[in-house]
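Shown next, in structure tokens, is the structure this report addresses.
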Amino acid sequence: MSLRLAARLARRDLRGGLRGFWVLLTCLALGVAAIAAVGSVRAAIQAGLTQQGAALLGGDAEVSLTYRFADPAERAWLEGRAATVSEIVDFRSMAVVGQGDGAERALTQVKGVDDAYPLEGTLVLDPPQGIAEALGLTPGGLPGGVMAPLLADRLGLAVGEVFRLGVQDFVLTARLVSEPDAGAASFGFGPRTLVRRSALEDSQLLGAGTLFDSRYRLHLPPGADLDALRDDWRADFPDSGARWRDSRRGAPGIDTFVDRIGAFLVLVGLTGLAVGGVGVSAAVRAHLARKTQMIAVLKTLGASGRVIFQVYFLQVGAVVLVGVAAGLILGALIPWALAPFLAARLPVPAVFAPYPGPLAEAALYGILTAFVFTLWPLARARQIRAATLFRDGGGDGQGWPQPLFLALIGAALVLLVGAAAIFSGLWGLTLGVAGGVALAFVVLAGAAAL
């Protein structure tokens with residue numbers, strides 16, 4: 001019965017509009033929008049990485065070996081299960097231009113590819129040409145090679161000129177604009193040089209004791225079970241030392257980087273939301289201060305402290321829901337509106353669309369933050385007595401709330417920090433941020449008291 005009465009009183013009081021609640025609405029909407037927008041962009045990038053996993057990896061699956069090539073049994077296993085197998089060798093070396101003391105040298109990450117490369121995507125060269133033409137034999141009988149522009153400029157090498165890898169000469173036939181599997185590449189020590197795998201046989205760079213990685217990209221038949229294929233490989237070659245990757249995480253390094261950066265930015269947004277909570281609390285305090293006489297009248301007419309609390313809890317709760325909803329709408333629309341701009345500048349694919357997960361996370365943060373910062377003044381409002389009508393003092397509604405409300409505030413704080421830690425996966429950073437915010441509030445409160 002008291003809740004129905006409180007709802008009726010709260011609805012009547014809100015007929016006067018949202019005067020006094022605009023600060024609350026603004027703080028909540030902006031904080032929730034920032035978190036929702038960051039989460040939506042992160043989800044868009046993760047969706048793009050998932051959808052373009054095969055293109056980023058350069059195939060449906062990849063088996064990597066260190067310091068050796070696949071032996072005949074391993075190669076037969078791969079060819080027996082894949083429609084196409086592409087062998088790639090990756091290592092670092094010195095690219096040399098010229099002879100003797102006047103030669104120019106620069107460190108490069110060399111990739112040797114076969115005729116099947118690339119299984120997915122398109123290699124972009126300048127001047128435009130096919131990979132077979134770029135890496136094939138030139139009119140002078142030397143094999144062709146492709147270099148990243150940075151490396152070619154460092155060596156002062158123009159298209160048509162000769163460079164050397166090991167003891168093998170190559171002719172620069174084009175500059176490398178983009179390689180489709182760049183996202184799957186491991187950390188490189190220098191700009192890329194791309195040559196034919198067979199052209200490295202006489203370079204003396206792949207002999208016994210040299211350091212290189214061999215990768216076998218697989219183009220699988222439709223409907224292939226990636227998990228079963230991986231398990232079969234590990235069962236058949238348990239001591240191979242091979243690393244297995246597939247298109248579900250075609251660029252795990254980028255995926256992890258985006259996830260961590262997104263989580264960090266969400267924590268930054270959550271910190272801003274916590275700071276905005278001060279404005280939320282101030283708005284609620286100011287609103288209740290204007291309602292002191294009304295609360296005293298209700299107490300005079302027999303309203304209990306519980307009814308008073310319910311009236312303003314429902315009232316503030318309705319405004320909080322409006323603010324959170326506005327923030328979610330902004331957070332969903334901003335990335336969508338900026339999608340053409342962001343997609344053109346992001347180095348990874350992204351699929352922009354409304355994602356329920358980030359929006360639900362932002363809504364949870366907004367509601368919990370509002371609960372923490374509004375429960376204290378609401379709990380103290382129930383302590384206002386009818387005697388306030390007959391004096392100008394402000395002693396009523398001051399002091400600490402009842403232990404029940406303090407426990408609820410503490411539980412909400414624990415839930416807020418725990419949710420942030422779970423969603424971000426960064427427990428240490430989350431707890432550090434929470435501790436820093438708490439310390440800042442203590443310092444500011446102490447300064448205000450002094």
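Residues are referred to by chain and number: the chain letter is A, B, ... according to the order shown in the structure tokens, the number counts from 1 in that chain, and ligands are numbered separately from 1 in the order shown.
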Quick one: DSSP helix (DSSP H, G or I) residues in region 69-127 of chain A, as an NGL selection string? :A and (72-81 or 100-102)
Worksheet entry | Surrounding residues of region 434-450 of chain A excluding itself and chain neighbours under 5 positions, 9 Å, only C-alpha atoms, as a list in words |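 Neighbouring residues, sequence-local ones excluded: Thr271, Ala274, Val275, Val417 and Leu429 of chain A.
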Write the residues you've just listed into a file as a tab-separated table (two decimals), in the first residue's frame, and include C-alpha atoms for each of them.
```
chain	number	residue	atom	x	y	z
A	271	THR	CA	36.21	7.01	-13.74
A	274	ALA	CA	32.25	8.28	-10.95
A	275	VAL	CA	33.36	11.91	-11.00
A	417	VAL	CA	33.98	-2.56	-9.07
A	429	LEU	CA	44.10	-2.23	-13.07
```
* Restricting the calculation to only C-alpha atoms, which member of A:Leu270, A:Ala370, A:Leu298, A:Arg245 is positioned closest to Gly323 (chain A)? ->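 So, comparing all the options, the nearest one is A:Ala370.
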Thr50 (chain A) proximity check over A:Leu431, A:Val351, A:Ala363, A:Ala263, using only C-alpha atoms: winner is A:Val351
*Can you tell me, as a ChimeraX atom specification, what residues are no more than 8 Å from Ile367 (chain A) when counting only C-alpha atoms, ignoring any on the same chain fewer than 5 positions away?*
/A:320-321,324
Would you put the residues from that selection into a file with N, CA, C and O atoms, as an mmCIF file, in the first residue's frame?
```
data_model
loop_
_atom_site.group_PDB
_atom_site.id
_atom_site.type_symbol
_atom_site.label_atom_id
_atom_site.label_comp_id
_atom_site.auth_asym_id
_atom_site.auth_seq_id
_atom_site.Cartn_x
_atom_site.Cartn_y
_atom_site.Cartn_z
ATOM 1 N N VAL A 320 16.844 8.798 -13.358
ATOM 2 C CA VAL A 320 18.058 8.038 -13.670
ATOM 3 C C VAL A 320 17.838 7.169 -14.898
ATOM 4 O O VAL A 320 18.702 7.088 -15.784
ATOM 5 N N LEU A 321 16.700 6.502 -14.972
ATOM 6 C CA LEU A 321 16.423 5.656 -16.139
ATOM 7 C C LEU A 321 16.363 6.480 -17.419
ATOM 8 O O LEU A 321 16.839 6.032 -18.474
ATOM 9 N N VAL A 324 20.037 7.312 -18.256
ATOM 10 C CA VAL A 324 20.744 6.142 -18.776
ATOM 11 C C VAL A 324 20.278 5.819 -20.193
ATOM 12 O O VAL A 324 21.090 5.513 -21.076
#
```
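Distances to Met147 (chain A) were evaluated for A:Gln51, A:Gln293, A:Ser178, A:Thr66 using only C-alpha atoms, and the minimum falls at A:Ser178.
DSSP on the backbone gives strand (DSSP E or B) for these parts of region 224-410 of chain A: Arg243, Trp244, Arg245 and Asp246 of chain A.
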Dump N, CA, C and O atoms for the selected residues as a PDB file, in the first residue's frame?
```
ATOM      1  N   ARG A 243      52.827 -24.715 -33.734  1.00  0.00           N
ATOM      2  CA  ARG A 243      51.805 -23.806 -33.192  1.00  0.00           C
ATOM      3  C   ARG A 243      50.633 -23.785 -34.164  1.00  0.00           C
ATOM      4  O   ARG A 243      50.820 -23.633 -35.371  1.00  0.00           O
ATOM      5  N   TRP A 244      49.434 -23.908 -33.632  1.00  0.00           N
ATOM      6  CA  TRP A 244      48.227 -23.982 -34.454  1.00  0.00           C
ATOM      7  C   TRP A 244      47.421 -22.703 -34.286  1.00  0.00           C
ATOM      8  O   TRP A 244      47.185 -22.247 -33.175  1.00  0.00           O
ATOM      9  N   ARG A 245      46.988 -22.151 -35.398  1.00  0.00           N
ATOM     10  CA  ARG A 245      46.086 -21.002 -35.386  1.00  0.00           C
ATOM     11  C   ARG A 245      45.030 -21.223 -36.445  1.00  0.00           C
ATOM     12  O   ARG A 245      45.279 -21.905 -37.449  1.00  0.00           O
ATOM     13  N   ASP A 246      43.868 -20.631 -36.241  1.00  0.00           N
ATOM     14  CA  ASP A 246      42.826 -20.737 -37.264  1.00  0.00           C
ATOM     15  C   ASP A 246      42.115 -19.407 -37.403  1.00  0.00           C
ATOM     16  O   ASP A 246      42.381 -18.448 -36.667  1.00  0.00           O
TER      17      ASP A 246
END
```
Give me the residues within 12 Å of Leu346 (chain A) as a list in words, counting only C-alpha atoms and dropping any in the same chain fewer than 5 places off.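 Answer for this query is Val41, Arg42, Ala44, Ile45, Gly48, Leu49, Ile254, Val258, Leu338, Ala339, Pro340, Phe341 and Val351 of chain A.
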Print the selection's residues with all heavy atoms to a file, as a short mmCIF file (atom, residue, chain, number, x, y, z; two decimals), in the first residue's frame.
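Saved to again24.cif:
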```cif
data_model
loop_
_atom_site.label_atom_id
_atom_site.label_comp_id
_atom_site.auth_asym_id
_atom_site.auth_seq_id
_atom_site.Cartn_x
_atom_site.Cartn_y
_atom_site.Cartn_z
N VAL A 41 32.57 0.54 -30.21
CA VAL A 41 33.68 0.53 -31.17
C VAL A 41 34.54 -0.71 -30.98
O VAL A 41 34.96 -1.35 -31.95
CB VAL A 41 34.54 1.81 -31.01
CG1 VAL A 41 35.80 1.72 -31.85
CG2 VAL A 41 33.73 3.04 -31.41
N ARG A 42 34.79 -1.09 -29.72
CA ARG A 42 35.57 -2.30 -29.46
C ARG A 42 34.84 -3.53 -30.02
O ARG A 42 35.45 -4.40 -30.64
CB ARG A 42 35.80 -2.47 -27.96
CG ARG A 42 36.58 -3.72 -27.60
CD ARG A 42 36.86 -3.80 -26.11
NE ARG A 42 35.65 -3.89 -25.33
CZ ARG A 42 35.62 -4.01 -24.01
NH1 ARG A 42 36.76 -4.03 -23.33
NH2 ARG A 42 34.48 -4.09 -23.36
N ALA A 44 32.71 -3.56 -32.46
CA ALA A 44 32.74 -3.48 -33.93
C ALA A 44 34.06 -4.01 -34.48
O ALA A 44 34.09 -4.74 -35.48
CB ALA A 44 32.52 -2.04 -34.38
N ILE A 45 35.17 -3.65 -33.82
CA ILE A 45 36.48 -4.14 -34.28
C ILE A 45 36.59 -5.65 -34.07
O ILE A 45 37.09 -6.38 -34.94
CB ILE A 45 37.60 -3.40 -33.54
CG1 ILE A 45 37.58 -1.91 -33.93
CG2 ILE A 45 38.96 -4.01 -33.86
CD1 ILE A 45 38.58 -1.07 -33.17
N GLY A 48 34.68 -7.34 -36.74
CA GLY A 48 35.41 -7.28 -38.00
C GLY A 48 36.56 -8.27 -38.04
O GLY A 48 36.80 -8.93 -39.06
N LEU A 49 37.28 -8.40 -36.91
CA LEU A 49 38.37 -9.37 -36.86
C LEU A 49 37.86 -10.80 -37.00
O LEU A 49 38.50 -11.65 -37.61
CB LEU A 49 39.14 -9.22 -35.55
CG LEU A 49 39.95 -7.93 -35.38
CD1 LEU A 49 40.55 -7.86 -33.98
CD2 LEU A 49 41.04 -7.82 -36.43
N ILE A 254 46.45 -8.46 -32.50
CA ILE A 254 45.60 -7.28 -32.68
C ILE A 254 44.35 -7.40 -31.83
O ILE A 254 43.91 -6.43 -31.19
CB ILE A 254 45.23 -7.11 -34.17
CG1 ILE A 254 46.49 -6.84 -34.99
CG2 ILE A 254 44.21 -5.99 -34.35
CD1 ILE A 254 46.24 -6.74 -36.47
N VAL A 258 43.35 -4.66 -29.05
CA VAL A 258 42.09 -3.92 -29.10
C VAL A 258 41.27 -4.15 -27.84
O VAL A 258 40.69 -3.23 -27.27
CB VAL A 258 41.29 -4.32 -30.35
CG1 VAL A 258 39.87 -3.75 -30.30
CG2 VAL A 258 41.99 -3.83 -31.60
N LEU A 338 29.76 7.98 -36.95
CA LEU A 338 31.16 8.19 -37.31
C LEU A 338 31.76 6.99 -38.04
O LEU A 338 32.98 6.97 -38.26
CB LEU A 338 31.97 8.50 -36.05
CG LEU A 338 31.63 9.79 -35.31
CD1 LEU A 338 32.49 9.92 -34.06
CD2 LEU A 338 31.78 11.01 -36.20
N ALA A 339 30.95 5.99 -38.36
CA ALA A 339 31.47 4.75 -38.96
C ALA A 339 32.30 5.00 -40.21
O ALA A 339 33.40 4.44 -40.34
CB ALA A 339 30.31 3.80 -39.26
N PRO A 340 31.85 5.83 -41.19
CA PRO A 340 32.70 6.05 -42.38
C PRO A 340 34.05 6.65 -42.03
O PRO A 340 35.08 6.26 -42.59
CB PRO A 340 31.85 7.00 -43.24
CG PRO A 340 30.44 6.79 -42.77
CD PRO A 340 30.55 6.52 -41.30
N PHE A 341 34.06 7.59 -41.10
CA PHE A 341 35.32 8.24 -40.70
C PHE A 341 36.24 7.25 -39.99
O PHE A 341 37.43 7.16 -40.28
CB PHE A 341 35.01 9.43 -39.79
CG PHE A 341 36.22 10.10 -39.21
CD1 PHE A 341 36.92 11.03 -39.93
CD2 PHE A 341 36.65 9.78 -37.92
CE1 PHE A 341 38.05 11.65 -39.39
CE2 PHE A 341 37.76 10.38 -37.37
CZ PHE A 341 38.47 11.32 -38.12
N VAL A 351 32.97 -3.77 -38.03
CA VAL A 351 31.57 -3.89 -38.45
C VAL A 351 30.73 -3.08 -37.47
O VAL A 351 30.49 -3.52 -36.34
CB VAL A 351 31.12 -5.35 -38.48
CG1 VAL A 351 29.66 -5.44 -38.92
CG2 VAL A 351 32.01 -6.18 -39.40
#
```
Item to complete: Find, counting only C-alpha atoms, the residue in A:Ala55, A:Leu24, A:Leu330, A:Val38 that gets nearest to Phe373 (chain A).
Response: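 Using only C-alpha atoms, the shortest distance to Phe373 (chain A) belongs to A:Leu24.
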Within 9 Å of region 204-225 of chain A, which residues of region 70-141 of chain A come that close, and what is the closest atom pair and distance in Å for each? Count only C-alpha atoms and give it as CSV.
```
residue,atom,partner,partner_atom,distance
A:Ala70,CA,A:Ser214,CA,7.9
A:Arg75,CA,A:Tyr216,CA,8.9
A:Leu78,CA,A:Leu218,CA,7.6
A:Glu79,CA,A:Leu218,CA,8.5
A:Arg81,CA,A:Leu220,CA,7.2
A:Ala82,CA,A:Leu220,CA,4.7
A:Ala83,CA,A:Leu220,CA,5.4
A:Thr84,CA,A:His219,CA,5.1
A:Val85,CA,A:Leu218,CA,4.9
A:Ser86,CA,A:Arg217,CA,5.0
A:Glu87,CA,A:Tyr216,CA,4.7
A:Ile88,CA,A:Arg215,CA,5.0
A:Val89,CA,A:Ser214,CA,4.4
A:Asp90,CA,A:Asp213,CA,5.2
A:Phe91,CA,A:Phe212,CA,4.6
A:Arg92,CA,A:Phe212,CA,7.7
A:Ser93,CA,A:Leu205,CA,8.1
A:Tyr117,CA,A:Arg217,CA,8.9
A:Leu119,CA,A:His219,CA,6.8
A:Glu120,CA,A:His219,CA,8.6
```
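Among the candidate residues A:Asp126, A:Glu74, A:Glu361, A:Glu161, the one lying nearest to Leu267 (chain A) is A:Glu361, with distances computed using only C-alpha atoms.
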